[in-house]
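Quick look at coords02.cif (mmCIF, C-alpha atoms and all ligand atoms; chains and numbers go by the auth columns):
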```cif
data_run
loop_
_atom_site.group_PDB
_atom_site.id
_atom_site.type_symbol
_atom_site.label_atom_id
_atom_site.label_comp_id
_atom_site.label_asym_id
_atom_site.label_seq_id
_atom_site.Cartn_x
_atom_site.Cartn_y
_atom_site.Cartn_z
_atom_site.B_iso_or_equiv
_atom_site.auth_seq_id
_atom_site.auth_asym_id
ATOM 1 C CA MET A 1 10.558 -1.726 -5.842 0.00 1 A
ATOM 2 C CA GLU A 2 7.830 -3.822 -4.289 0.00 2 A
ATOM 3 C CA LEU A 3 6.204 -2.341 -1.214 0.00 3 A
ATOM 4 C CA THR A 4 7.023 -4.123 2.025 0.00 4 A
ATOM 5 C CA VAL A 5 5.282 -3.720 5.350 0.00 5 A
ATOM 6 C CA PHE A 6 6.606 -4.617 8.776 0.00 6 A
ATOM 7 C CA ARG A 7 5.330 -7.495 10.885 0.00 7 A
ATOM 8 C CA CYS A 8 5.978 -7.691 14.624 0.00 8 A
ATOM 9 C CA THR A 9 7.781 -10.967 15.299 0.00 9 A
ATOM 10 C CA GLN A 10 6.101 -11.238 18.728 0.00 10 A
ATOM 11 C CA CYS A 11 2.412 -10.632 18.070 0.00 11 A
ATOM 12 C CA GLY A 12 2.108 -10.500 14.271 0.00 12 A
ATOM 13 C CA THR A 13 0.810 -6.914 14.087 0.00 13 A
ATOM 14 C CA THR A 14 1.621 -5.433 10.664 0.00 14 A
ATOM 15 C CA LEU A 15 2.468 -1.775 10.157 0.00 15 A
ATOM 16 C CA PHE A 16 3.415 0.698 7.485 0.00 16 A
ATOM 17 C CA PRO A 17 5.428 2.817 7.826 0.00 17 A
ATOM 18 C CA ALA A 18 7.704 1.142 10.372 0.00 18 A
ATOM 19 C CA ARG A 19 7.776 2.277 13.986 0.00 19 A
ATOM 20 C CA TYR A 20 10.385 1.666 16.600 0.00 20 A
ATOM 21 C CA LEU A 21 8.085 -0.124 19.045 0.00 21 A
ATOM 22 C CA CYS A 22 5.044 -2.270 18.315 0.00 22 A
ATOM 23 C CA PRO A 23 1.947 -0.306 19.431 0.00 23 A
ATOM 24 C CA HIS A 24 0.274 -3.603 20.351 0.00 24 A
ATOM 25 C CA CYS A 25 2.876 -5.432 22.455 0.00 25 A
ATOM 26 C CA GLY A 26 5.851 -3.055 22.733 0.00 26 A
ATOM 27 C CA ALA A 27 8.328 -5.361 20.997 0.00 27 A
ATOM 28 C CA ASP A 28 11.030 -3.885 18.759 0.00 28 A
ATOM 29 C CA GLN A 29 11.718 -6.759 16.371 0.00 29 A
ATOM 30 C CA TRP A 30 10.210 -6.497 12.896 0.00 30 A
ATOM 31 C CA ALA A 31 10.232 -8.689 9.807 0.00 31 A
ATOM 32 C CA ALA A 32 9.767 -7.061 6.407 0.00 32 A
ATOM 33 C CA THR A 33 6.981 -8.769 4.526 0.00 33 A
ATOM 34 C CA PRO A 34 5.572 -8.109 1.030 0.00 34 A
ATOM 35 C CA ALA A 35 2.464 -5.934 1.148 0.00 35 A
ATOM 36 C CA GLY A 36 0.782 -7.972 -1.600 0.00 36 A
ATOM 37 C CA PRO A 37 -2.078 -6.588 -3.660 0.00 37 A
ATOM 38 C CA GLY A 38 -4.291 -3.948 -2.113 0.00 38 A
ATOM 39 C CA THR A 39 -7.917 -2.867 -2.221 0.00 39 A
ATOM 40 C CA VAL A 40 -8.799 0.798 -2.645 0.00 40 A
ATOM 41 C CA GLU A 41 -10.882 1.976 0.323 0.00 41 A
ATOM 42 C CA GLU A 42 -11.097 5.731 -0.251 0.00 42 A
ATOM 43 C CA THR A 43 -9.846 8.127 -2.875 0.00 43 A
ATOM 44 C CA THR A 44 -9.005 11.826 -2.678 0.00 44 A
ATOM 45 C CA VAL A 45 -8.064 14.312 -5.351 0.00 45 A
ATOM 46 C CA VAL A 46 -5.553 16.943 -4.277 0.00 46 A
ATOM 47 C CA ARG A 47 -6.067 19.954 -6.507 0.00 47 A
ATOM 48 C CA HIS A 48 -3.102 22.179 -7.127 0.00 48 A
ATOM 49 C CA ARG A 49 -3.559 25.878 -7.580 0.00 49 A
ATOM 50 C CA VAL A 50 -3.195 27.215 -11.074 0.00 50 A
ATOM 51 C CA GLY A 51 0.383 28.323 -11.602 0.00 51 A
ATOM 52 C CA ALA A 52 1.757 26.198 -8.767 0.00 52 A
ATOM 53 C CA GLN A 53 4.835 24.168 -9.527 0.00 53 A
ATOM 54 C CA GLY A 54 4.075 20.683 -10.761 0.00 54 A
ATOM 55 C CA ALA A 55 0.493 21.711 -11.474 0.00 55 A
ATOM 56 C CA GLY A 56 -2.023 18.965 -12.053 0.00 56 A
ATOM 57 C CA ASP A 57 -4.365 17.098 -9.794 0.00 57 A
ATOM 58 C CA ALA A 58 -2.915 14.305 -7.697 0.00 58 A
ATOM 59 C CA HIS A 59 -5.019 11.247 -7.003 0.00 59 A
ATOM 60 C CA LEU A 60 -4.432 9.686 -3.597 0.00 60 A
ATOM 61 C CA ALA A 61 -6.030 6.574 -2.157 0.00 61 A
ATOM 62 C CA SER A 62 -6.194 4.721 1.122 0.00 62 A
ATOM 63 C CA VAL A 63 -5.361 1.152 0.182 0.00 63 A
ATOM 64 C CA ARG A 64 -5.905 -1.884 2.418 0.00 64 A
ATOM 65 C CA THR A 65 -2.979 -4.217 1.747 0.00 65 A
ATOM 66 C CA ALA A 66 -3.249 -8.001 1.711 0.00 66 A
ATOM 67 C CA ALA A 67 -0.720 -7.999 4.579 0.00 67 A
ATOM 68 C CA GLY A 68 -3.021 -5.845 6.732 0.00 68 A
ATOM 69 C CA PRO A 69 -1.992 -2.189 7.053 0.00 69 A
ATOM 70 C CA VAL A 70 -3.769 0.626 5.232 0.00 70 A
ATOM 71 C CA VAL A 71 -1.323 2.770 3.258 0.00 71 A
ATOM 72 C CA VAL A 72 -1.810 6.062 1.438 0.00 72 A
ATOM 73 C CA ALA A 73 -0.762 5.672 -2.183 0.00 73 A
ATOM 74 C CA ARG A 74 -0.500 7.921 -5.220 0.00 74 A
ATOM 75 C CA LEU A 75 -2.504 6.783 -8.223 0.00 75 A
ATOM 76 C CA ASP A 76 -1.539 7.255 -11.835 0.00 76 A
ATOM 77 C CA GLN A 77 -5.214 7.395 -12.748 0.00 77 A
ATOM 78 C CA ALA A 78 -8.558 7.787 -10.995 0.00 78 A
ATOM 79 C CA LEU A 79 -9.684 4.566 -9.323 0.00 79 A
ATOM 80 C CA GLN A 80 -12.802 3.572 -7.415 0.00 80 A
ATOM 81 C CA PRO A 81 -13.185 2.081 -3.937 0.00 81 A
ATOM 82 C CA GLY A 82 -13.024 -1.690 -4.284 0.00 82 A
ATOM 83 C CA ASP A 83 -10.520 -1.628 -7.144 0.00 83 A
ATOM 84 C CA ILE A 84 -7.571 -4.020 -6.742 0.00 84 A
ATOM 85 C CA VAL A 85 -4.124 -2.462 -7.094 0.00 85 A
ATOM 86 C CA THR A 86 -0.499 -3.493 -6.914 0.00 86 A
ATOM 87 C CA LEU A 87 1.751 -1.342 -4.748 0.00 87 A
ATOM 88 C CA ALA A 88 5.297 -0.164 -5.310 0.00 88 A
ATOM 89 C CA LEU A 89 7.758 2.332 -3.870 0.00 89 A
ATOM 90 C CA ASP A 90 9.361 4.934 -6.118 0.00 90 A
ATOM 91 C CA ASP A 91 12.858 6.385 -5.749 0.00 91 A
ATOM 92 C CA ALA A 92 11.530 9.037 -3.350 0.00 92 A
ATOM 93 C CA MET A 93 9.995 6.263 -1.180 0.00 93 A
ATOM 94 C CA ARG A 94 6.477 7.300 -2.094 0.00 94 A
ATOM 95 C CA VAL A 95 3.879 4.571 -2.370 0.00 95 A
ATOM 96 C CA LEU A 96 2.449 4.192 -5.872 0.00 96 A
ATOM 97 C CA ALA A 97 -0.620 2.149 -6.791 0.00 97 A
ATOM 98 C CA HIS A 98 -1.285 0.692 -10.219 0.00 98 A
ATOM 99 C CA PRO A 99 -4.401 -1.154 -11.349 0.00 99 A
ATOM 100 C CA HIS A 100 -3.870 -4.873 -10.802 0.00 100 A
ATOM 101 C CA ALA A 101 -3.538 -6.676 -14.128 0.00 101 A
ATOM 102 C CA GLY A 102 -6.306 -9.185 -14.672 0.00 102 A
ATOM 103 C CA ALA A 103 -8.353 -8.023 -11.685 0.00 103 A
HETATM 104 ZN ZN ZN B . 3.723 -6.708 18.614 0.00 201 B
#
```
The structure in this file should be written as structure tokens.
Ligand SMILES: [Zn+2]
Amino acid sequence: MELTVFRCTQCGTTLFPARYLCPHCGADQWAATPAGPGTVEETTVVRHRVGAQGAGDAHLASVRTAAGPVVVARLDQALQPGDIVTLALDDAMRVLAHPHAGA
């Protein structure tokens, strides 16, 4: 599923995840809009303790989307700040980032 962000129909502020009221103008009307490709801004590795369930390091990144908002995404491999990624939602509504083909 492609990631969508939410754009305030009054002032154009984009958000992810959605909120009830726009923090900028207080409106409550939103239009879903494709997030588009993103740029990695920061990466973090979450290290799981040995023996913990689902052991293995998780790579997380703050990604600036083309639509505007910064989202936190899971990476399937280590990426560097500045890398271009495509964003998707998995079945658990987690944001996943994949290296952008041809970037
Ligand atoms: Zn607004």
Picked residues, the PyMOL selection byres (((not hetatm)) within 9 of (chain B and resi 201)), as a PyMOL selection string = chain A and resi 7-14+21-30
Reference answer for the PyMOL selection byres (((chain A and resi 71) around 12) and not hetatm), as a count of residues only = 40
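Residue nearest Ala32 in chain A, chosen from A:Met93, A:Leu75, A:Glu2, A:Ala58 and counting only C-alpha atoms: A:Glu2.
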So that all listed atoms of range 4-7 of chain A fit with 4 Å spare on each side, what axis-aligned box centre and edge lengths in Å, to one decimal, would you give as AutoDock Vina command-line options?
```
--center_x 6.2 --center_y -5.6 --center_z 6.5 --size_x 9.7 --size_y 11.8 --size_z 16.9
```
Between CA of Ile84 in chain A and CA of His100 in chain A - distance in Å to one decimal =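 The value is 5.6 Å.
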query = Which is closest to Gln77 in chain A among A:Pro34, A:Asp91, A:Pro99, A:Gly56, if we use only C-alpha atoms?
reply =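 The closest residue to Gln77 in chain A is A:Pro99.
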